[in-house]
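Engineer: The following file, upload24.pdb, comprises PDB, N, CA and C atoms:
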```pdb
ATOM      1  N   MET F   1     252.724  54.382  23.378
ATOM      2  CA  MET F   1     251.879  53.470  22.649
ATOM      3  C   MET F   1     250.673  54.218  22.089
ATOM      4  N   ASP F   2     250.328  53.927  20.863
ATOM      5  CA  ASP F   2     249.170  54.546  20.235
ATOM      6  C   ASP F   2     247.881  53.902  20.744
ATOM      7  N   GLU F   3     246.801  54.672  20.680
ATOM      8  CA  GLU F   3     245.480  54.136  20.998
ATOM      9  C   GLU F   3     245.077  53.156  19.900
ATOM     10  N   ILE F   4     244.329  52.133  20.267
ATOM     11  CA  ILE F   4     243.845  51.150  19.305
ATOM     12  C   ILE F   4     242.322  51.109  19.391
ATOM     13  N   THR F   5     241.671  51.302  18.275
ATOM     14  CA  THR F   5     240.222  51.137  18.240
ATOM     15  C   THR F   5     239.904  49.640  18.203
ATOM     16  N   ILE F   6     238.670  49.320  18.462
ATOM     17  CA  ILE F   6     238.268  47.914  18.384
ATOM     18  C   ILE F   6     238.430  47.415  16.953
ATOM     19  N   ARG F   7     238.018  48.215  15.993
ATOM     20  CA  ARG F   7     238.142  47.818  14.584
ATOM     21  C   ARG F   7     239.610  47.573  14.218
ATOM     22  N   LYS F   8     240.485  48.471  14.661
ATOM     23  CA  LYS F   8     241.915  48.321  14.384
ATOM     24  C   LYS F   8     242.457  47.062  15.079
ATOM     25  N   ALA F   9     241.995  46.792  16.287
ATOM     26  CA  ALA F   9     242.430  45.584  16.996
ATOM     27  C   ALA F   9     242.027  44.335  16.219
ATOM     28  N   GLN F  10     240.822  44.331  15.673
ATOM     29  CA  GLN F  10     240.397  43.184  14.866
ATOM     30  C   GLN F  10     241.315  43.025  13.657
ATOM     31  N   GLN F  11     241.670  44.127  13.034
ATOM     32  CA  GLN F  11     242.553  44.082  11.867
ATOM     33  C   GLN F  11     243.953  43.601  12.261
ATOM     34  N   MET F  12     244.455  44.075  13.402
ATOM     35  CA  MET F  12     245.792  43.678  13.856
ATOM     36  C   MET F  12     245.850  42.183  14.150
ATOM     37  N   VAL F  13     244.822  41.659  14.812
ATOM     38  CA  VAL F  13     244.770  40.231  15.118
ATOM     39  C   VAL F  13     244.706  39.431  13.821
ATOM     40  N   ASP F  14     243.877  39.867  12.887
ATOM     41  CA  ASP F  14     243.761  39.171  11.607
ATOM     42  C   ASP F  14     245.109  39.144  10.878
ATOM     43  N   HIS F  15     245.790  40.274  10.873
ATOM     44  CA  HIS F  15     247.100  40.352  10.230
ATOM     45  C   HIS F  15     248.093  39.406  10.917
ATOM     46  N   TRP F  16     248.092  39.388  12.247
ATOM     47  CA  TRP F  16     249.007  38.522  12.978
ATOM     48  C   TRP F  16     248.721  37.051  12.658
ATOM     49  N   ILE F  17     247.455  36.676  12.678
ATOM     50  CA  ILE F  17     247.089  35.285  12.392
ATOM     51  C   ILE F  17     247.566  34.892  10.998
ATOM     52  N   LYS F  18     247.341  35.749  10.024
ATOM     53  CA  LYS F  18     247.711  35.429   8.641
ATOM     54  C   LYS F  18     249.221  35.482   8.411
ATOM     55  N   THR F  19     249.945  36.225   9.244
ATOM     56  CA  THR F  19     251.396  36.344   9.106
ATOM     57  C   THR F  19     252.143  35.286   9.914
ATOM     58  N   TYR F  20     251.719  35.066  11.155
ATOM     59  CA  TYR F  20     252.458  34.188  12.061
ATOM     60  C   TYR F  20     251.685  32.950  12.516
ATOM     61  N   GLY F  21     250.402  33.027  12.487
ATOM     62  CA  GLY F  21     249.597  31.961  13.082
ATOM     63  C   GLY F  21     249.169  30.867  12.129
ATOM     64  N   VAL F  22     249.563  30.942  10.890
ATOM     65  CA  VAL F  22     249.219  29.994   9.829
ATOM     66  C   VAL F  22     247.751  30.148   9.427
ATOM     67  N   ARG F  23     246.832  29.935  10.373
ATOM     68  CA  ARG F  23     245.403  30.106  10.120
ATOM     69  C   ARG F  23     244.697  30.199  11.464
ATOM     70  N   TYR F  24     243.441  30.602  11.430
ATOM     71  CA  TYR F  24     242.635  30.608  12.648
ATOM     72  C   TYR F  24     242.356  29.173  13.073
ATOM     73  N   PHE F  25     242.293  28.948  14.380
ATOM     74  CA  PHE F  25     241.743  27.690  14.871
ATOM     75  C   PHE F  25     240.266  27.689  14.477
ATOM     76  N   SER F  26     239.623  26.550  14.501
ATOM     77  CA  SER F  26     238.194  26.509  14.187
ATOM     78  C   SER F  26     237.425  27.362  15.197
ATOM     79  N   GLU F  27     236.244  27.769  14.804
ATOM     80  CA  GLU F  27     235.403  28.591  15.691
ATOM     81  C   GLU F  27     235.126  27.875  17.008
ATOM     82  N   LEU F  28     234.844  26.584  16.914
ATOM     83  CA  LEU F  28     234.551  25.826  18.132
ATOM     84  C   LEU F  28     235.780  25.703  19.021
ATOM     85  N   THR F  29     236.952  25.484  18.410
ATOM     86  CA  THR F  29     238.192  25.445  19.191
ATOM     87  C   THR F  29     238.415  26.786  19.869
ATOM     88  N   ASN F  30     238.219  27.875  19.132
ATOM     89  CA  ASN F  30     238.415  29.191  19.739
ATOM     90  C   ASN F  30     237.416  29.468  20.853
ATOM     91  N   MET F  31     236.198  28.933  20.747
ATOM     92  CA  MET F  31     235.240  29.090  21.846
ATOM     93  C   MET F  31     235.756  28.371  23.086
ATOM     94  N   ALA F  32     236.328  27.186  22.901
ATOM     95  CA  ALA F  32     236.907  26.452  24.032
ATOM     96  C   ALA F  32     238.103  27.204  24.607
ATOM     97  N   VAL F  33     238.940  27.765  23.731
ATOM     98  CA  VAL F  33     240.107  28.538  24.180
ATOM     99  C   VAL F  33     239.644  29.781  24.949
ATOM    100  N   LEU F  34     238.584  30.442  24.464
ATOM    101  CA  LEU F  34     238.048  31.615  25.169
ATOM    102  C   LEU F  34     237.608  31.223  26.581
ATOM    103  N   THR F  35     236.925  30.110  26.686
ATOM    104  CA  THR F  35     236.480  29.630  28.001
ATOM    105  C   THR F  35     237.676  29.359  28.915
ATOM    106  N   GLU F  36     238.718  28.750  28.349
ATOM    107  CA  GLU F  36     239.934  28.484  29.114
ATOM    108  C   GLU F  36     240.572  29.793  29.599
ATOM    109  N   GLU F  37     240.656  30.777  28.714
ATOM    110  CA  GLU F  37     241.273  32.056  29.081
ATOM    111  C   GLU F  37     240.447  32.791  30.136
ATOM    112  N   VAL F  38     239.128  32.724  30.035
ATOM    113  CA  VAL F  38     238.270  33.337  31.058
ATOM    114  C   VAL F  38     238.499  32.640  32.399
ATOM    115  N   GLY F  39     238.697  31.335  32.371
ATOM    116  CA  GLY F  39     238.995  30.595  33.601
ATOM    117  C   GLY F  39     240.306  31.032  34.232
ATOM    118  N   GLU F  40     241.319  31.271  33.396
ATOM    119  CA  GLU F  40     242.605  31.743  33.920
ATOM    120  C   GLU F  40     242.459  33.133  34.533
ATOM    121  N   MET F  41     241.656  33.978  33.891
ATOM    122  CA  MET F  41     241.392  35.306  34.443
ATOM    123  C   MET F  41     240.634  35.185  35.777
ATOM    124  N   ALA F  42     239.660  34.279  35.811
ATOM    125  CA  ALA F  42     238.878  34.070  37.036
ATOM    126  C   ALA F  42     239.758  33.583  38.179
ATOM    127  N   ARG F  43     240.739  32.738  37.876
ATOM    128  CA  ARG F  43     241.636  32.231  38.912
ATOM    129  C   ARG F  43     242.386  33.390  39.569
ATOM    130  N   ILE F  44     242.915  34.282  38.753
ATOM    131  CA  ILE F  44     243.641  35.430  39.304
ATOM    132  C   ILE F  44     242.701  36.323  40.104
ATOM    133  N   MET F  45     241.494  36.560  39.585
ATOM    134  CA  MET F  45     240.517  37.394  40.305
ATOM    135  C   MET F  45     240.190  36.787  41.671
ATOM    136  N   ALA F  46     240.006  35.466  41.713
ATOM    137  CA  ALA F  46     239.665  34.788  42.970
ATOM    138  C   ALA F  46     240.790  34.910  43.984
ATOM    139  N   ARG F  47     242.025  34.904  43.491
ATOM    140  CA  ARG F  47     243.164  34.984  44.400
ATOM    141  C   ARG F  47     243.493  36.423  44.795
ATOM    142  N   LYS F  48     243.333  37.340  43.867
ATOM    143  CA  LYS F  48     243.687  38.730  44.150
ATOM    144  C   LYS F  48     242.576  39.469  44.899
ATOM    145  N   TYR F  49     241.317  39.230  44.517
ATOM    146  CA  TYR F  49     240.195  39.978  45.096
ATOM    147  C   TYR F  49     239.273  39.114  45.941
ATOM    148  N   GLY F  50     239.431  37.806  45.858
ATOM    149  CA  GLY F  50     238.595  36.894  46.623
ATOM    150  C   GLY F  50     239.330  36.347  47.830
ATOM    151  N   ASP F  51     238.903  35.195  48.248
ATOM    152  CA  ASP F  51     239.411  34.620  49.489
ATOM    153  C   ASP F  51     240.552  33.635  49.298
ATOM    154  N   GLN F  52     240.882  33.309  48.068
ATOM    155  CA  GLN F  52     241.974  32.368  47.835
ATOM    156  C   GLN F  52     243.314  33.080  47.822
ATOM    157  N   SER F  53     244.380  32.303  47.982
ATOM    158  CA  SER F  53     245.727  32.862  47.914
ATOM    159  C   SER F  53     246.462  32.241  46.733
ATOM    160  N   PHE F  54     247.475  32.941  46.254
ATOM    161  CA  PHE F  54     248.270  32.449  45.134
ATOM    162  C   PHE F  54     249.136  31.276  45.581
ATOM    163  N   LYS F  55     249.306  30.324  44.674
ATOM    164  CA  LYS F  55     250.223  29.214  44.897
ATOM    165  C   LYS F  55     251.603  29.655  44.425
ATOM    166  N   PRO F  56     252.658  29.097  44.967
ATOM    167  CA  PRO F  56     254.007  29.465  44.517
ATOM    168  C   PRO F  56     254.155  29.241  43.007
ATOM    169  N   GLY F  57     254.647  30.254  42.305
ATOM    170  CA  GLY F  57     254.892  30.162  40.877
ATOM    171  C   GLY F  57     253.676  30.368  39.991
ATOM    172  N   GLU F  58     252.530  30.608  40.598
ATOM    173  CA  GLU F  58     251.300  30.785  39.820
ATOM    174  C   GLU F  58     251.278  32.144  39.125
ATOM    175  N   LYS F  59     250.683  32.197  37.923
ATOM    176  CA  LYS F  59     250.584  33.464  37.189
ATOM    177  C   LYS F  59     249.738  34.458  37.972
ATOM    178  N   THR F  60     250.183  35.731  37.974
ATOM    179  CA  THR F  60     249.466  36.762  38.722
ATOM    180  C   THR F  60     249.127  37.983  37.868
ATOM    181  N   ASN F  61     249.426  37.936  36.561
ATOM    182  CA  ASN F  61     249.247  39.105  35.704
ATOM    183  C   ASN F  61     247.832  39.147  35.139
ATOM    184  N   LEU F  62     246.955  39.865  35.824
ATOM    185  CA  LEU F  62     245.553  39.975  35.423
ATOM    186  C   LEU F  62     245.419  40.636  34.057
ATOM    187  N   GLY F  63     246.209  41.670  33.804
ATOM    188  CA  GLY F  63     246.139  42.362  32.519
ATOM    189  C   GLY F  63     246.475  41.445  31.358
ATOM    190  N   ASP F  64     247.459  40.593  31.534
ATOM    191  CA  ASP F  64     247.828  39.651  30.482
ATOM    192  C   ASP F  64     246.696  38.676  30.205
ATOM    193  N   GLU F  65     246.034  38.219  31.249
ATOM    194  CA  GLU F  65     244.906  37.292  31.062
ATOM    195  C   GLU F  65     243.738  38.001  30.391
ATOM    196  N   MET F  66     243.487  39.256  30.752
ATOM    197  CA  MET F  66     242.424  40.013  30.079
ATOM    198  C   MET F  66     242.745  40.181  28.594
ATOM    199  N   ALA F  67     244.014  40.442  28.285
ATOM    200  CA  ALA F  67     244.424  40.588  26.890
ATOM    201  C   ALA F  67     244.251  39.265  26.141
ATOM    202  N   ASP F  68     244.518  38.138  26.798
ATOM    203  CA  ASP F  68     244.287  36.833  26.172
ATOM    204  C   ASP F  68     242.809  36.638  25.849
ATOM    205  N   VAL F  69     241.932  37.021  26.780
ATOM    206  CA  VAL F  69     240.484  36.919  26.555
ATOM    207  C   VAL F  69     240.088  37.781  25.358
ATOM    208  N   LEU F  70     240.578  39.013  25.338
ATOM    209  CA  LEU F  70     240.253  39.927  24.242
ATOM    210  C   LEU F  70     240.768  39.393  22.915
ATOM    211  N   TRP F  71     241.982  38.866  22.901
ATOM    212  CA  TRP F  71     242.584  38.312  21.675
ATOM    213  C   TRP F  71     241.673  37.244  21.068
ATOM    214  N   VAL F  72     241.265  36.281  21.889
ATOM    215  CA  VAL F  72     240.455  35.179  21.366
ATOM    216  C   VAL F  72     239.075  35.682  20.946
ATOM    217  N   LEU F  73     238.512  36.622  21.682
ATOM    218  CA  LEU F  73     237.229  37.206  21.293
ATOM    219  C   LEU F  73     237.343  37.901  19.934
ATOM    220  N   LEU F  74     238.436  38.620  19.727
ATOM    221  CA  LEU F  74     238.667  39.271  18.434
ATOM    222  C   LEU F  74     238.825  38.232  17.327
ATOM    223  N   CYS F  75     239.497  37.131  17.617
ATOM    224  CA  CYS F  75     239.615  36.046  16.633
ATOM    225  C   CYS F  75     238.238  35.527  16.242
ATOM    226  N   ILE F  76     237.408  35.243  17.225
ATOM    227  CA  ILE F  76     236.070  34.707  16.953
ATOM    228  C   ILE F  76     235.247  35.717  16.154
ATOM    229  N   ALA F  77     235.351  36.991  16.490
ATOM    230  CA  ALA F  77     234.629  38.023  15.735
ATOM    231  C   ALA F  77     235.084  38.027  14.279
ATOM    232  N   ASN F  78     236.378  37.978  14.069
ATOM    233  CA  ASN F  78     236.907  37.959  12.700
ATOM    234  C   ASN F  78     236.408  36.741  11.937
ATOM    235  N   GLN F  79     236.438  35.596  12.557
ATOM    236  CA  GLN F  79     236.039  34.355  11.896
ATOM    237  C   GLN F  79     234.567  34.338  11.521
ATOM    238  N   THR F  80     233.762  34.988  12.320
ATOM    239  CA  THR F  80     232.314  34.934  12.111
ATOM    240  C   THR F  80     231.768  36.175  11.419
ATOM    241  N   GLY F  81     232.668  37.070  11.008
ATOM    242  CA  GLY F  81     232.248  38.258  10.265
ATOM    243  C   GLY F  81     231.554  39.313  11.109
ATOM    244  N   ILE F  82     231.874  39.350  12.383
ATOM    245  CA  ILE F  82     231.251  40.316  13.296
ATOM    246  C   ILE F  82     232.137  41.555  13.407
ATOM    247  N   ASP F  83     231.556  42.719  13.172
ATOM    248  CA  ASP F  83     232.236  43.998  13.384
ATOM    249  C   ASP F  83     231.936  44.413  14.823
ATOM    250  N   LEU F  84     232.888  44.187  15.717
ATOM    251  CA  LEU F  84     232.644  44.450  17.145
ATOM    252  C   LEU F  84     232.414  45.926  17.454
ATOM    253  N   THR F  85     232.978  46.816  16.651
ATOM    254  CA  THR F  85     232.708  48.245  16.851
ATOM    255  C   THR F  85     231.223  48.510  16.676
ATOM    256  N   GLU F  86     230.686  48.047  15.571
ATOM    257  CA  GLU F  86     229.262  48.237  15.283
ATOM    258  C   GLU F  86     228.387  47.562  16.334
ATOM    259  N   GLU F  87     228.750  46.344  16.705
ATOM    260  CA  GLU F  87     227.952  45.599  17.677
ATOM    261  C   GLU F  87     227.999  46.227  19.068
ATOM    262  N   LEU F  88     229.143  46.791  19.439
ATOM    263  CA  LEU F  88     229.233  47.454  20.737
ATOM    264  C   LEU F  88     228.337  48.682  20.783
ATOM    265  N   TRP F  89     228.345  49.473  19.717
ATOM    266  CA  TRP F  89     227.450  50.641  19.661
ATOM    267  C   TRP F  89     225.989  50.208  19.794
ATOM    268  N   LYS F  90     225.598  49.163  19.078
ATOM    269  CA  LYS F  90     224.218  48.653  19.164
ATOM    270  C   LYS F  90     223.913  48.177  20.582
ATOM    271  N   ASN F  91     224.878  47.518  21.207
ATOM    272  CA  ASN F  91     224.680  46.982  22.538
ATOM    273  C   ASN F  91     224.520  48.086  23.577
ATOM    274  N   ILE F  92     225.325  49.138  23.440
ATOM    275  CA  ILE F  92     225.196  50.279  24.362
ATOM    276  C   ILE F  92     223.827  50.917  24.215
ATOM    277  N   GLU F  93     223.366  51.079  22.975
ATOM    278  CA  GLU F  93     222.043  51.657  22.738
ATOM    279  C   GLU F  93     220.953  50.770  23.335
ATOM    280  N   LYS F  94     221.067  49.453  23.146
ATOM    281  CA  LYS F  94     220.087  48.510  23.702
ATOM    282  C   LYS F  94     220.041  48.620  25.223
ATOM    283  N   LYS F  95     221.216  48.624  25.846
ATOM    284  CA  LYS F  95     221.264  48.712  27.308
ATOM    285  C   LYS F  95     220.723  50.051  27.805
ATOM    286  N   THR F  96     221.015  51.114  27.071
ATOM    287  CA  THR F  96     220.529  52.439  27.462
ATOM    288  C   THR F  96     219.008  52.473  27.425
ATOM    289  N   GLN F  97     218.423  51.959  26.362
ATOM    290  CA  GLN F  97     216.961  51.936  26.260
ATOM    291  C   GLN F  97     216.341  51.047  27.333
ATOM    292  N   ARG F  98     216.907  49.907  27.534
ATOM    293  CA  ARG F  98     216.339  48.927  28.465
ATOM    294  C   ARG F  98     216.546  49.317  29.925
ATOM    295  N   ASP F  99     217.723  49.863  30.235
ATOM    296  CA  ASP F  99     218.106  50.046  31.637
ATOM    297  C   ASP F  99     218.244  51.498  32.075
ATOM    298  N   LYS F 100     217.781  52.447  31.252
ATOM    299  CA  LYS F 100     218.033  53.858  31.571
ATOM    300  C   LYS F 100     217.485  54.274  32.927
ATOM    301  N   GLU F 101     216.446  53.612  33.431
ATOM    302  CA  GLU F 101     215.915  53.963  34.754
ATOM    303  C   GLU F 101     216.053  52.824  35.755
ATOM    304  N   ARG F 102     216.311  51.642  35.263
ATOM    305  CA  ARG F 102     216.364  50.462  36.131
ATOM    306  C   ARG F 102     217.423  50.577  37.211
ATOM    307  N   HIS F 103     218.648  50.926  36.848
ATOM    308  CA  HIS F 103     219.731  50.969  37.834
ATOM    309  C   HIS F 103     219.635  52.205  38.723
ATOM    310  N   ILE F 104     219.202  53.307  38.174
ATOM    311  CA  ILE F 104     219.038  54.533  38.963
ATOM    312  C   ILE F 104     218.014  54.323  40.066
ATOM    313  N   ASN F 105     216.978  53.520  39.798
ATOM    314  CA  ASN F 105     215.920  53.278  40.763
ATOM    315  C   ASN F 105     216.146  52.026  41.611
ATOM    316  N   ASN F 106     217.288  51.409  41.506
ATOM    317  CA  ASN F 106     217.585  50.207  42.257
ATOM    318  C   ASN F 106     218.105  50.591  43.644
ATOM    319  N   PRO F 107     217.331  50.347  44.701
ATOM    320  CA  PRO F 107     217.776  50.722  46.041
ATOM    321  C   PRO F 107     219.068  50.010  46.477
ATOM    322  N   LYS F 108     219.349  48.854  45.902
ATOM    323  CA  LYS F 108     220.555  48.112  46.251
ATOM    324  C   LYS F 108     221.826  48.854  45.803
ATOM    325  N   LEU F 109     221.686  49.738  44.828
ATOM    326  CA  LEU F 109     222.855  50.469  44.305
ATOM    327  C   LEU F 109     223.027  51.847  44.952
ATOM    328  N   LYS F 110     222.159  52.204  45.875
ATOM    329  CA  LYS F 110     222.215  53.539  46.487
ATOM    330  C   LYS F 110     222.887  53.492  47.849
ATOM    331  N   GLU F 111     224.119  53.066  47.860
ATOM    332  CA  GLU F 111     224.857  53.026  49.128
ATOM    333  C   GLU F 111     226.122  53.794  49.022
TER     334      GLU F 111
END
```
Turn the structure described in the file into structure tokens.
Structural biologist:
Amino acid sequence: MDEITIRKAQQMVDHWIKTYGVRYFSELTNMAVLTEEVGEMARIMARKYGDQSFKPGEKTNLGDEMADVLWVLLCIANQTGIDLTEELWKNIEKKTQRDKERHINNPKLKE
């Protein structure tokens, strides 16, 4: 499998939607779908890494749920004209400036 950049992923999702998906769901619908997908991911996390156990027949594929979350996030970015590559770079720079000494000096993280 080839590597996929974030920009390429946005393009691939857009192409898929326009080829097979008829059209994007509304932005608000996609926000609700994103919340639903995050909930499905949280369910697996709670059962796999938390104190709950899986029910018979319940989905257990964490990677698939993460991909669902990413898919809907890419849809929302496309719909709203957000270049996630550019925004991620800005976000990393913001976090670096804001937190460059905060976590290093956090005694709770020195274990």
Engineer: So, with only N, CA and C atoms as the atoms that count, which of F:Cys75, F:Thr35, F:Lys48, F:Lys110 lies closest to F:Asp14?
Structural biologist: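 Under the stated criterion, the closest residue is F:Cys75.
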Engineer: What do you get, as a list in words, if you spell out every residue that the PyMOL selection byres (((chain F and resi 70 and name CA) around 12) and name CA) selects here?
Structural biologist: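 Output from the PyMOL selection byres (((chain F and resi 70 and name CA) around 12) and name CA), applied to this file: Ile6, Ala9, Gln10, Val13, Asn30, Val33, Leu34, Thr35, Glu37, Val38, Met41, Gly63, Asp64, Glu65, Met66, Ala67, Asp68, Val69, Trp71, Val72, Leu73, Leu74, Cys75, Ile76, Ala77 and Leu84 of chain F.
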Engineer: Using all atoms listed in the file, which protein or nucleic acid residues come within 8 Å of F:Thr85? Drop anything in the same chain fewer than 4 positions from it, and give the result as an mmCIF file with N, CA and C atoms, in the frame of the given file.
Structural biologist:
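See selection08.cif below for the written result:
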```
data_model
loop_
_atom_site.group_PDB
_atom_site.id
_atom_site.type_symbol
_atom_site.label_atom_id
_atom_site.label_comp_id
_atom_site.auth_asym_id
_atom_site.auth_seq_id
_atom_site.Cartn_x
_atom_site.Cartn_y
_atom_site.Cartn_z
ATOM 1 N N THR F 5 241.671 51.302 18.275
ATOM 2 C CA THR F 5 240.222 51.137 18.240
ATOM 3 C C THR F 5 239.904 49.640 18.203
ATOM 4 N N ILE F 6 238.670 49.320 18.462
ATOM 5 C CA ILE F 6 238.268 47.914 18.384
ATOM 6 C C ILE F 6 238.430 47.415 16.953
ATOM 7 N N ARG F 7 238.018 48.215 15.993
ATOM 8 C CA ARG F 7 238.142 47.818 14.584
ATOM 9 C C ARG F 7 239.610 47.573 14.218
ATOM 10 N N LYS F 8 240.485 48.471 14.661
ATOM 11 C CA LYS F 8 241.915 48.321 14.384
ATOM 12 C C LYS F 8 242.457 47.062 15.079
ATOM 13 N N TRP F 89 228.345 49.473 19.717
ATOM 14 C CA TRP F 89 227.450 50.641 19.661
ATOM 15 C C TRP F 89 225.989 50.208 19.794
ATOM 16 N N LYS F 90 225.598 49.163 19.078
ATOM 17 C CA LYS F 90 224.218 48.653 19.164
ATOM 18 C C LYS F 90 223.913 48.177 20.582
ATOM 19 N N ASN F 91 224.878 47.518 21.207
ATOM 20 C CA ASN F 91 224.680 46.982 22.538
ATOM 21 C C ASN F 91 224.520 48.086 23.577
#
```
Engineer: Box along x, y and z, 4 Å on every side, all listed atoms of stretch 65-75 of chain F inside: centre and edge lengths in Å to one decimal, as lines of an AutoDock Vina configuration file.
Structural biologist:
```
center_x = 241.6
center_y = 37.9
center_z = 23.7
size_x = 16.8
size_y = 13.4
size_z = 23.0
```
Engineer: I need the residues of chain F that end up classed as alpha helix (DSSP H) by DSSP on the backbone, written out as a ChimeraX atom specification.
Structural biologist: /F:6-20,27-48,62-80,84-99
Engineer: Quick check, in Å to one decimal: how far apart do atom N of F:Glu93 and atom C of F:Met45 lie?
Structural biologist: 28.9 Å
Engineer: In Å, rounded to a single decimal, give me how far atom N of F:Leu109 is from atom N of F:Asp51.
Structural biologist: 22.8 Å
Engineer: If I take atom CA of F:Ile82 and atom CA of F:Asp2, how far is one from the other in Å, to one decimal?
Structural biologist: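 Computed distance, atom CA of F:Ile82 to atom CA of F:Asp2, equals 23.9 Å.
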